[in-house]
$ cat data.cif   # mmCIF, C-alpha atoms (C1' of nucleotides)
data_final
#
loop_
_atom_site.label_atom_id
_atom_site.label_comp_id
_atom_site.auth_asym_id
_atom_site.auth_seq_id
_atom_site.Cartn_x
_atom_site.Cartn_y
_atom_site.Cartn_z
CA MET E 13 0.00 0.00 0.00
CA ALA E 14 2.32 2.67 1.22
CA SER E 15 5.19 1.07 -0.63
CA SER E 16 3.40 1.39 -3.94
CA ARG E 17 3.79 5.15 -3.71
CA ARG E 18 7.57 4.96 -3.86
CA GLY E 19 10.08 5.16 -6.63
CA GLN E 20 9.84 8.88 -7.28
CA ALA E 21 12.57 11.45 -6.80
CA GLU E 22 10.66 12.21 -3.60
CA ALA E 23 12.14 11.13 -0.28
CA VAL E 24 11.76 7.49 0.62
CA GLU E 25 8.73 6.84 2.77
CA PHE E 26 10.25 5.60 5.98
CA ASP E 27 8.88 3.41 8.72
CA LEU E 28 9.64 3.91 12.38
CA SER E 29 10.64 0.27 12.70
CA ASN E 30 13.50 0.85 10.27
CA MET E 31 14.84 3.92 12.00
CA ILE E 32 17.88 3.01 14.05
CA GLY E 33 17.01 5.54 16.74
CA HIS E 34 13.58 4.11 17.26
CA LEU E 35 14.93 0.56 17.44
CA LEU E 36 17.64 1.55 19.89
CA ARG E 37 15.16 3.30 22.13
CA THR E 38 12.77 0.36 22.10
CA CYS E 39 15.52 -2.18 22.71
CA GLN E 40 16.69 -0.17 25.68
CA GLN E 41 13.18 -0.21 27.07
CA LEU E 42 13.30 -3.98 26.73
CA HIS E 43 16.60 -4.08 28.55
CA VAL E 44 15.27 -1.96 31.40
CA ALA E 45 12.25 -4.26 31.68
CA ILE E 46 14.47 -7.34 31.94
CA TRP E 47 16.86 -5.59 34.32
CA THR E 48 14.17 -4.53 36.76
CA ASP E 49 12.70 -8.05 36.69
CA ILE E 50 16.05 -9.43 37.83
CA PHE E 51 17.03 -6.54 40.13
CA PRO E 52 13.70 -5.89 41.84
CA GLY E 53 13.87 -2.68 43.85
CA GLY E 54 17.64 -2.76 43.70
CA LEU E 55 20.41 -1.30 41.59
CA THR E 56 19.79 0.30 38.24
CA SER E 57 21.98 -0.53 35.29
CA PRO E 58 23.98 2.74 35.38
CA GLN E 59 24.44 2.37 39.13
CA PHE E 60 25.78 -1.13 38.63
CA ALA E 61 28.12 0.19 35.97
CA VAL E 62 29.54 2.68 38.48
CA LEU E 63 30.13 -0.04 41.04
CA HIS E 64 31.72 -2.17 38.33
CA ALA E 65 34.15 0.57 37.32
CA LEU E 66 35.13 1.26 40.92
CA ALA E 67 35.54 -2.43 41.69
CA HIS E 68 37.94 -2.82 38.77
CA GLU E 69 39.72 0.53 38.76
CA GLY E 70 39.78 1.30 42.48
CA ALA E 71 39.37 4.93 43.46
CA LEU E 72 38.40 7.28 40.64
CA THR E 73 37.76 10.97 40.27
CA GLN E 74 34.33 11.80 38.99
CA THR E 75 35.73 12.70 35.57
CA ALA E 76 37.59 9.39 35.28
CA LEU E 77 34.51 7.58 36.48
CA ARG E 78 32.16 9.08 33.94
CA SER E 79 34.67 8.41 31.18
CA GLN E 80 34.66 4.73 32.17
CA VAL E 81 30.92 4.44 32.56
CA ARG E 82 29.86 6.82 29.80
CA LEU E 83 27.71 9.01 31.97
CA ASP E 84 26.99 12.68 31.55
CA ARG E 85 28.50 15.17 34.00
CA SER E 86 25.15 15.98 35.59
CA THR E 87 24.02 12.38 35.64
CA THR E 88 27.26 11.29 37.27
CA ALA E 89 26.68 13.79 40.05
CA ASP E 90 23.16 12.46 40.52
CA VAL E 91 24.13 8.79 40.51
CA VAL E 92 27.07 9.40 42.85
CA ARG E 93 24.85 11.32 45.23
CA ARG E 94 22.35 8.45 45.39
CA LEU E 95 25.05 5.79 45.85
CA VAL E 96 26.66 7.86 48.63
CA ALA E 97 23.26 8.17 50.30
CA ARG E 98 22.98 4.38 50.22
CA ARG E 99 26.49 4.05 51.73
CA LEU E 100 27.70 2.05 48.73
CA ILE E 101 30.47 4.51 47.82
CA THR E 102 32.31 7.36 49.52
CA GLN E 103 33.31 10.71 48.05
CA VAL E 104 36.27 12.70 49.44
CA LYS E 105 38.20 15.71 48.19
CA ASP E 106 41.38 14.90 46.30
CA PRO E 107 44.25 16.27 48.43
CA GLU E 108 46.33 16.79 45.28
CA ASP E 109 43.68 18.85 43.46
CA GLY E 110 40.95 20.52 45.42
CA ARG E 111 38.62 20.58 42.43
CA ARG E 112 38.45 16.81 42.19
CA ARG E 113 36.53 14.45 44.39
CA VAL E 114 37.69 10.90 44.62
CA VAL E 115 35.01 8.21 44.70
CA ARG E 116 35.59 4.71 46.04
CA LEU E 117 33.60 1.63 47.06
CA THR E 118 32.65 0.97 50.66
CA ALA E 119 32.74 -2.58 51.96
CA ALA E 120 28.98 -2.73 51.52
CA GLY E 121 29.35 -1.45 47.96
CA ARG E 122 31.92 -4.07 47.09
CA ALA E 123 29.78 -6.79 48.61
CA LEU E 124 26.72 -5.67 46.71
CA TYR E 125 28.72 -5.47 43.49
CA THR E 126 30.08 -8.97 43.94
CA GLU E 127 26.69 -10.48 44.56
CA SER E 128 25.18 -8.49 41.66
CA THR E 129 27.51 -9.69 38.92
CA VAL E 130 25.60 -12.95 38.63
CA ARG E 131 22.39 -11.06 38.06
CA ALA E 132 23.94 -8.68 35.58
CA THR E 133 25.20 -11.65 33.61
CA ARG E 134 21.73 -13.16 33.73
CA VAL E 135 20.23 -9.94 32.35
CA ASN E 136 22.70 -10.03 29.50
CA GLU E 137 21.94 -13.68 28.80
CA THR E 138 18.18 -13.13 28.91
CA MET E 139 18.40 -10.14 26.65
CA LEU E 140 20.36 -12.08 24.00
CA ALA E 141 18.51 -15.38 24.48
CA GLY E 142 16.99 -15.30 21.00
CA LEU E 143 20.31 -14.99 19.17
CA SER E 144 22.97 -17.52 18.29
CA ASP E 145 26.53 -17.00 19.48
CA GLU E 146 27.49 -15.71 16.07
CA GLU E 147 24.57 -13.29 15.97
CA ARG E 148 25.41 -12.02 19.44
CA ALA E 149 28.97 -11.32 18.43
CA ARG E 150 27.82 -9.56 15.27
CA LEU E 151 25.33 -7.40 17.16
CA LEU E 152 27.85 -6.31 19.78
CA SER E 153 30.41 -5.63 17.08
CA LEU E 154 28.02 -3.58 14.97
CA LEU E 155 26.95 -1.45 17.93
CA ALA E 156 30.59 -0.95 18.91
CA SER E 157 31.46 0.18 15.40
CA LEU E 158 28.68 2.77 15.51
CA LEU E 159 30.34 4.21 18.59
CA GLU E 160 33.79 3.93 17.05
CA HIS E 161 32.76 5.75 13.89
CA HIS E 162 31.39 8.68 15.88
CA LYS E 163 34.10 8.68 18.52
CA GLY E 164 34.56 12.32 19.42
CA LEU E 165 30.88 13.18 19.32
CA LEU E 166 30.47 11.78 22.82
CA ASP E 167 33.01 13.86 24.69
CA TYR E 168 33.36 12.26 28.16
CA GLN E 169 36.84 13.71 28.24
CA ASP E 170 36.35 17.42 28.98
CA MET F 8 45.88 -8.71 34.08
CA ALA F 9 42.24 -9.22 34.77
CA SER F 10 41.96 -11.75 31.97
CA SER F 11 44.64 -13.96 33.51
CA ARG F 12 42.29 -14.68 36.39
CA ARG F 13 39.80 -16.46 34.16
CA GLY F 14 39.29 -20.05 33.26
CA GLN F 15 37.85 -21.19 36.58
CA ALA F 16 34.41 -22.56 37.24
CA GLU F 17 33.77 -19.02 38.52
CA ALA F 18 31.62 -16.66 36.48
CA VAL F 19 33.24 -15.14 33.43
CA GLU F 20 34.83 -11.79 34.14
CA PHE F 21 32.76 -9.44 32.03
CA ASP F 22 33.54 -6.08 30.53
CA LEU F 23 31.02 -3.27 30.28
CA SER F 24 31.78 -2.89 26.58
CA ASN F 25 30.46 -6.39 25.96
CA MET F 26 27.26 -5.93 27.89
CA ILE F 27 24.39 -5.38 25.50
CA GLY F 28 22.66 -3.00 27.89
CA HIS F 29 25.66 -0.75 28.18
CA LEU F 30 26.16 -0.69 24.42
CA LEU F 31 22.49 0.09 23.82
CA ARG F 32 22.54 2.92 26.32
CA THR F 33 25.69 4.42 24.86
CA CYS F 34 24.46 4.09 21.28
CA GLN F 35 21.29 5.88 22.23
CA GLN F 36 23.31 8.69 23.74
CA LEU F 37 25.07 8.91 20.39
CA HIS F 38 21.76 9.03 18.59
CA VAL F 39 20.47 11.81 20.82
CA ALA F 40 23.68 13.77 20.21
CA ILE F 41 23.28 13.47 16.42
CA TRP F 42 19.57 14.22 16.63
CA THR F 43 19.98 17.42 18.61
CA ASP F 44 22.71 18.56 16.21
CA ILE F 45 20.26 18.24 13.35
CA PHE F 46 17.14 19.40 15.23
CA PRO F 47 18.58 22.32 17.21
CA GLY F 48 16.05 23.50 19.77
CA GLY F 49 13.30 21.70 17.93
CA LEU F 50 11.53 18.36 18.11
CA THR F 51 12.85 15.45 20.11
CA SER F 52 12.93 12.00 18.59
CA PRO F 53 9.88 10.67 20.51
CA GLN F 54 7.96 13.82 19.65
CA PHE F 55 8.75 13.30 15.98
CA ALA F 56 7.62 9.71 16.29
CA VAL F 57 4.26 10.89 17.59
CA LEU F 58 3.83 13.30 14.69
CA HIS F 59 4.85 10.51 12.31
CA ALA F 60 2.25 8.13 13.68
CA LEU F 61 -0.49 10.76 13.51
CA ALA F 62 0.49 11.77 9.99
CA HIS F 63 0.20 8.20 8.79
CA GLU F 64 -2.65 6.88 10.90
CA GLY F 65 -4.79 9.97 11.23
CA ALA F 66 -6.55 10.50 14.53
CA LEU F 67 -5.56 8.11 17.31
CA THR F 68 -6.54 7.55 20.89
CA GLN F 69 -3.71 7.81 23.34
CA THR F 70 -3.58 4.04 23.76
CA ALA F 71 -3.37 3.45 20.02
CA LEU F 72 -0.77 6.18 19.75
CA ARG F 73 1.55 4.74 22.36
CA SER F 74 1.19 1.30 20.85
CA GLN F 75 2.40 2.73 17.53
CA VAL F 76 5.20 4.80 19.00
CA ARG F 77 6.20 2.48 21.85
CA LEU F 78 5.86 5.06 24.56
CA ASP F 79 4.97 4.45 28.17
CA ARG F 80 1.55 5.55 29.43
CA SER F 81 2.99 8.31 31.58
CA THR F 82 5.44 9.44 28.94
CA THR F 83 2.70 9.57 26.33
CA ALA F 84 0.70 11.88 28.55
CA ASP F 85 3.76 14.10 28.97
CA VAL F 86 4.67 14.19 25.29
CA VAL F 87 1.06 14.84 24.26
CA ARG F 88 0.78 17.66 26.78
CA ARG F 89 3.88 19.34 25.41
CA LEU F 90 2.83 18.94 21.79
CA VAL F 91 -0.61 20.34 22.61
CA ALA F 92 1.04 23.30 24.33
CA ARG F 93 3.02 23.93 21.13
CA ARG F 94 -0.20 23.73 19.05
CA LEU F 95 1.16 20.85 16.98
CA ILE F 96 -1.63 18.45 17.95
CA THR F 97 -5.10 18.68 19.45
CA GLN F 98 -6.69 16.43 22.04
CA VAL F 99 -10.47 16.01 22.29
CA LYS F 100 -12.74 13.60 24.11
CA ASP F 101 -13.89 10.63 22.09
CA PRO F 102 -17.68 11.00 21.72
CA GLU F 103 -18.05 7.22 21.49
CA ASP F 104 -16.14 6.51 24.69
CA GLY F 105 -15.71 9.21 27.27
CA ARG F 106 -12.61 7.61 28.71
CA ARG F 107 -10.65 8.03 25.52
CA ARG F 108 -9.09 11.20 24.17
CA VAL F 109 -8.48 11.42 20.48
CA VAL F 110 -5.30 13.10 19.35
CA ARG F 111 -4.77 14.55 15.88
CA LEU F 112 -2.36 16.79 14.01
CA THR F 113 -3.00 20.47 13.57
CA ALA F 114 -2.08 22.12 10.28
CA ALA F 115 1.05 23.45 11.95
CA GLY F 116 1.84 19.97 13.22
CA ARG F 117 1.48 18.44 9.78
CA ALA F 118 3.63 21.14 8.25
CA LEU F 119 6.35 20.68 10.85
CA TYR F 120 6.23 16.91 10.37
CA THR F 121 6.56 17.23 6.60
CA GLU F 122 9.54 19.52 6.84
CA SER F 123 11.13 17.36 9.54
CA THR F 124 11.18 14.09 7.62
CA VAL F 125 14.24 15.18 5.68
CA ARG F 126 16.10 15.86 8.90
CA ALA F 127 15.00 12.60 10.49
CA THR F 128 16.30 10.76 7.44
CA ARG F 129 19.56 12.66 7.74
CA VAL F 130 19.88 11.64 11.40
CA ASN F 131 19.39 8.02 10.39
CA GLU F 132 21.95 8.30 7.62
CA THR F 133 24.49 10.03 9.87
CA MET F 134 24.02 7.46 12.59
CA LEU F 135 24.67 4.57 10.18
CA ALA F 136 27.33 6.31 8.11
CA GLY F 137 30.10 3.93 9.18
CA LEU F 138 28.27 0.79 8.09
CA SER F 139 27.83 -0.81 4.68
CA ASP F 140 24.33 -1.46 3.36
CA GLU F 141 24.64 -5.09 4.34
CA GLU F 142 25.80 -4.22 7.85
CA ARG F 143 22.94 -1.76 8.26
CA ALA F 144 20.42 -4.37 7.30
CA ARG F 145 21.98 -6.88 9.67
CA LEU F 146 22.00 -4.42 12.57
CA LEU F 147 18.36 -3.44 12.11
CA SER F 148 17.40 -7.07 11.73
CA LEU F 149 19.26 -8.16 14.86
CA LEU F 150 17.71 -5.40 16.95
CA ALA F 151 14.28 -6.27 15.60
CA SER F 152 14.76 -9.91 16.50
CA LEU F 153 15.63 -8.95 20.07
CA LEU F 154 12.27 -7.23 20.28
CA GLU F 155 10.52 -10.10 18.55
CA HIS F 156 11.96 -12.68 20.91
CA HIS F 157 10.73 -10.74 23.96
CA LYS F 158 7.45 -9.66 22.45
CA GLY F 159 5.02 -9.60 25.35
CA LEU F 160 7.47 -8.18 27.86
CA LEU F 161 6.79 -4.70 26.49
CA ASP F 162 3.06 -4.50 26.93
CA TYR F 163 1.89 -1.42 25.03
CA GLN F 164 -1.42 -3.15 24.60
CA ASP F 165 -3.16 -2.84 27.97
"C1'" DG L 16 52.94 37.66 41.33
"C1'" DC L 17 48.68 38.25 39.09
"C1'" DA L 18 45.01 38.55 35.83
"C1'" DC L 19 42.95 35.32 32.87
"C1'" DA L 20 41.85 30.84 31.17
"C1'" DA L 21 40.75 26.14 31.94
"C1'" DT L 22 38.97 22.40 34.79
"C1'" DC L 23 36.02 20.04 38.31
"C1'" DG L 24 31.95 19.34 40.36
"C1'" DT L 25 27.35 21.07 41.39
"C1'" DC L 26 22.83 23.01 40.44
"C1'" DC L 27 18.76 24.30 37.64
"C1'" DG L 28 15.38 23.50 34.10
"C1'" DT L 29 13.52 20.35 31.07
"C1'" DA L 30 12.58 15.77 28.58
"C1'" DT L 31 12.17 10.74 28.54
"C1'" DG L 32 11.00 6.70 31.14
"C1'" DC L 33 8.94 3.49 34.80
"C1'" DG L 34 5.76 1.99 38.56
"C1'" DG L 35 2.04 2.86 41.36
"C1'" DA L 36 -2.05 5.44 42.77
"C1'" DT L 37 -6.10 8.01 41.34
"C1'" DT L 38 -10.19 9.56 38.76
"C1'" DA L 39 -13.55 9.09 35.28
"C1'" DA L 40 -16.05 6.30 32.24
"C1'" DT L 41 -17.50 1.95 30.50
"C1'" DC L 42 -18.46 -2.93 30.75
"C1'" DT L 43 -19.96 -7.32 33.04
"C1'" DG L 44 -22.50 -10.46 35.65
"C1'" DA L 45 -25.93 -11.68 38.83
"C1'" DT N 27 -30.52 -2.51 37.54
"C1'" DC N 28 -26.59 -2.06 39.93
"C1'" DA N 29 -22.23 -3.44 42.31
"C1'" DG N 30 -17.84 -4.65 41.02
"C1'" DA N 31 -14.35 -5.21 37.54
"C1'" DT N 32 -12.03 -3.19 33.71
"C1'" DT N 33 -10.17 0.41 30.91
"C1'" DA N 34 -8.36 5.32 29.64
"C1'" DA N 35 -5.90 8.88 30.91
"C1'" DT N 36 -3.68 11.63 34.47
"C1'" DC N 37 -0.77 12.49 38.41
"C1'" DC N 38 3.05 11.62 41.65
"C1'" DG N 39 7.72 10.27 42.84
"C1'" DC N 40 11.94 8.90 41.28
"C1'" DA N 41 15.95 7.80 37.94
"C1'" DT N 42 18.48 8.79 33.74
"C1'" DA N 43 19.89 12.30 30.50
"C1'" DC N 44 21.27 16.87 28.33
"C1'" DG N 45 22.56 21.84 28.18
"C1'" DG N 46 23.72 25.83 30.43
"C1'" DA N 47 25.15 28.47 34.36
"C1'" DC N 48 27.59 28.74 38.52
"C1'" DG N 49 31.35 28.67 42.32
"C1'" DA N 50 35.71 26.79 43.60
"C1'" DT N 51 40.19 25.53 42.40
"C1'" DT N 52 44.15 25.14 39.58
"C1'" DG N 53 47.06 26.29 35.63
"C1'" DT N 54 48.98 29.76 32.28
"C1'" DG N 55 51.22 33.78 30.22
"C1'" DC N 56 53.02 38.01 30.99
#
$ encode --input "data.cif" --output "structure tokens"
Amino acid sequence: MASSRRGQAEAVEFDLSNMIGHLLRTCQQLHVAIWTDIFPGGLTSPQFAVLHALAHEGALTQTALRSQVRLDRSTTADVVRRLVARRLITQVKDPEDGRRRVVRLTAAGRALYTESTVRATRVNETMLAGLSDEERARLLSLLASLLEHHKGLLDYQD
Amino acid sequence: MASSRRGQAEAVEFDLSNMIGHLLRTCQQLHVAIWTDIFPGGLTSPQFAVLHALAHEGALTQTALRSQVRLDRSTTADVVRRLVARRLITQVKDPEDGRRRVVRLTAAGRALYTESTVRATRVNETMLAGLSDEERARLLSLLASLLEHHKGLLDYQD
DNA sequence: GCACAATCGTCCGTATGCGGATTAATCTGA
DNA sequence: TCAGATTAATCCGCATACGGACGATTGTGC
């Protein structure tokens, strides 16, 4: 029907389901739905990512942290504030540079991270359950190459 | 370093860059960045999606609209409220069912949609610029099959 | 030294997104 | 008919996200 009107010099009639932005947004909604099923009332995915970065990198300034986790400046401040309020991380002034604030895991934060990795892996597995190993690798690789091609557009380094 | 600790019965040491959720979130950030470059101070991507659905489907109730556009109930109410405030759509009670509110484009809304399709296509093209035609098709298809496999988790039909 | 620039983190306003509660209207079953 | 269930949309609180503005601190050039 709609496709029979094509073939002119006019712009191609597009469908939302073929727009990469629409697909990305919808797939992320799916991911959030799976995540909250498996982490009921607990950590969010960005919060887990912060704990993950701190568990692997040790203490980080907020700038280093958001570069690892790919969070916005403002969002990083928000997430850090909430994790501090839950006593999962601490935030102290950097003695070497008074502008920076060093963030690190508390014992409770490390414990929660450790016990959460199994769930995070389960979310990933559930999300990709419909794809073969080869398809999974291709999908991850294609998404990564989108980011690589536009490296520089997402600053995270200011 | 970290990879030398693997190979046990323990869970596989994962990296954020291989977690589908993290990649999806980051790719969407990229999409938003490209979108706002091309739509400075104008429509957001979900707002455009609403105009698109109304332009192609005519008048829709809010439930039908969010099923088309894949928006949450609450978010739909927000987006509709903002578009009404900008006189791009109207919202009137359905005479056949007083619970429903029928949304439709205004002339200004249709005009803005028509002129915006070129930009939306440009966003799509920019986003996928680093991929071949075959890779683009594969990426869209893989994302669509994620959604297909979990069809039912995203309700949009209540 | 010192004025100026750059950086770090925060804060504000706004938009998307989710879950739960609420209100209004309709439908269903006895 | 009428009480209870269901549905449509809204509202609230909270989390993520972006841009811009703002202090505080540090670095730079002269």
$ closest_atom_pairs --input "data.cif" --of "chain L" --to "chain E" --cutoff "8 Å" --atoms "all atoms listed in the file" --output "tab-separated table"
residue	atom	partner	partner_atom	distance
L:DT22	C1'	E:Arg111	CA	7.9
L:DC23	C1'	E:Arg111	CA	4.9
L:DG24	C1'	E:Arg111	CA	7.1
L:DT25	C1'	E:Ala89	CA	7.4
$ interface_residues --input "data.cif" --of "chain F" --to "chain E" --cutoff "7 Å" --atoms "all atoms listed in the file" --output "list in words"
Asn25, Met26, Ile27, Gly28, Leu30, Leu31, Arg32, Thr33, Cys34, Gln35, Leu37, His38, Arg77, Asn131, Leu135, Gly137, Leu146, Leu147, Leu149, Leu150, Leu153, Leu154, His156 and Leu161 of chain F
$ write_last_selection --input "data.cif" --atoms "C-alpha atoms" --output "PDB file, in the frame of the given file"
ATOM      1  CA  ASN F  25      30.460  -6.390  25.960  1.00  0.00           C
ATOM      2  CA  MET F  26      27.260  -5.930  27.890  1.00  0.00           C
ATOM      3  CA  ILE F  27      24.390  -5.380  25.500  1.00  0.00           C
ATOM      4  CA  GLY F  28      22.660  -3.000  27.890  1.00  0.00           C
ATOM      5  CA  LEU F  30      26.160  -0.690  24.420  1.00  0.00           C
ATOM      6  CA  LEU F  31      22.490   0.090  23.820  1.00  0.00           C
ATOM      7  CA  ARG F  32      22.540   2.920  26.320  1.00  0.00           C
ATOM      8  CA  THR F  33      25.690   4.420  24.860  1.00  0.00           C
ATOM      9  CA  CYS F  34      24.460   4.090  21.280  1.00  0.00           C
ATOM     10  CA  GLN F  35      21.290   5.880  22.230  1.00  0.00           C
ATOM     11  CA  LEU F  37      25.070   8.910  20.390  1.00  0.00           C
ATOM     12  CA  HIS F  38      21.760   9.030  18.590  1.00  0.00           C
ATOM     13  CA  ARG F  77       6.200   2.480  21.850  1.00  0.00           C
ATOM     14  CA  ASN F 131      19.390   8.020  10.390  1.00  0.00           C
ATOM     15  CA  LEU F 135      24.670   4.570  10.180  1.00  0.00           C
ATOM     16  CA  GLY F 137      30.100   3.930   9.180  1.00  0.00           C
ATOM     17  CA  LEU F 146      22.000  -4.420  12.570  1.00  0.00           C
ATOM     18  CA  LEU F 147      18.360  -3.440  12.110  1.00  0.00           C
ATOM     19  CA  LEU F 149      19.260  -8.160  14.860  1.00  0.00           C
ATOM     20  CA  LEU F 150      17.710  -5.400  16.950  1.00  0.00           C
ATOM     21  CA  LEU F 153      15.630  -8.950  20.070  1.00  0.00           C
ATOM     22  CA  LEU F 154      12.270  -7.230  20.280  1.00  0.00           C
ATOM     23  CA  HIS F 156      11.960 -12.680  20.910  1.00  0.00           C
ATOM     24  CA  LEU F 161       6.790  -4.700  26.490  1.00  0.00           C
TER      25      LEU F 161
END
$ closest_residue --input "data.cif" --among "N:DC48, N:DC56, N:DA43, N:DC38" --to "chain E" --atoms "only C-alpha atoms (C1' of nucleotides)"
N:DA43
$ interface_residues --input "data.cif" --of "chain N" --to "chain F" --cutoff "10 Å" --atoms "all atoms listed in the file" --output "JSON, numbers by chain"
{"N": [33, 34, 35, 36, 37, 43, 44]}
$ write_last_selection --input "data.cif" --atoms "C-alpha atoms (C1' of nucleotides)" --output "PDB file, keeping the file's coordinate frame"
ATOM      1  C1'  DT N  33     -10.170   0.410  30.910  1.00  0.00           C
ATOM      2  C1'  DA N  34      -8.360   5.320  29.640  1.00  0.00           C
ATOM      3  C1'  DA N  35      -5.900   8.880  30.910  1.00  0.00           C
ATOM      4  C1'  DT N  36      -3.680  11.630  34.470  1.00  0.00           C
ATOM      5  C1'  DC N  37      -0.770  12.490  38.410  1.00  0.00           C
ATOM      6  C1'  DA N  43      19.890  12.300  30.500  1.00  0.00           C
ATOM      7  C1'  DC N  44      21.270  16.870  28.330  1.00  0.00           C
TER       8       DC N  44
END
$ closest_residue --input "data.cif" --among "E:Tyr125, E:Ile101, E:Glu146, E:Arg78" --to "Thr56 in chain E" --atoms "all atoms listed in the file"
E:Tyr125
$ residues_near_point --input "data.cif" --point "(50.3, 36.5, 35.2)" --cutoff "6 Å" --atoms "all atoms listed in the file" --output "list in words"
DC17 and DA18 of chain L; DG55 and DC56 of chain N
$ resolve_selection --input "data.cif" --expression "the PyMOL selection byres ((chain N and resi 39) around 12)" --output "tab-separated table (two decimals) with C-alpha atoms (C1' of nucleotides), in the coordinates of the input"
chain	number	residue	atom	x	y	z
L	33	DC	C1'	8.94	3.49	34.80
L	34	DG	C1'	5.76	1.99	38.56
L	35	DG	C1'	2.04	2.86	41.36
L	36	DA	C1'	-2.05	5.44	42.77
N	37	DC	C1'	-0.77	12.49	38.41
N	38	DC	C1'	3.05	11.62	41.65
N	40	DC	C1'	11.94	8.90	41.28
N	41	DA	C1'	15.95	7.80	37.94
$ residues_around --input "data.cif" --residues "Arg111 in chain F" --least-positions-apart "6" --cutoff "10 Å" --atoms "all atoms listed in the file" --output "ChimeraX atom specification"
/F:57-58,60-62,64-68,91,95-99,117
$ resolve_selection --input "data.cif" --expression "the PyMOL selection byres ((chain N and resi 29) around 12)" --output "PyMOL selection string"
(chain L and resi 43-45) or (chain N and resi 27-28+30-31)
$ atom_distance --input "data.cif" --atom1 "CA of Ile50 in chain E" --atom2 "C1' of DT37 in chain L"
28.4 Å
$ atom_distance --input "data.cif" --atom1 "CA of Glu127 in chain E" --atom2 "CA of Thr87 in chain E"
24.7 Å
$ atom_distance --input "data.cif" --atom1 "C1' of DT31 in chain L" --atom2 "CA of Gly48 in chain F"
16.0 Å
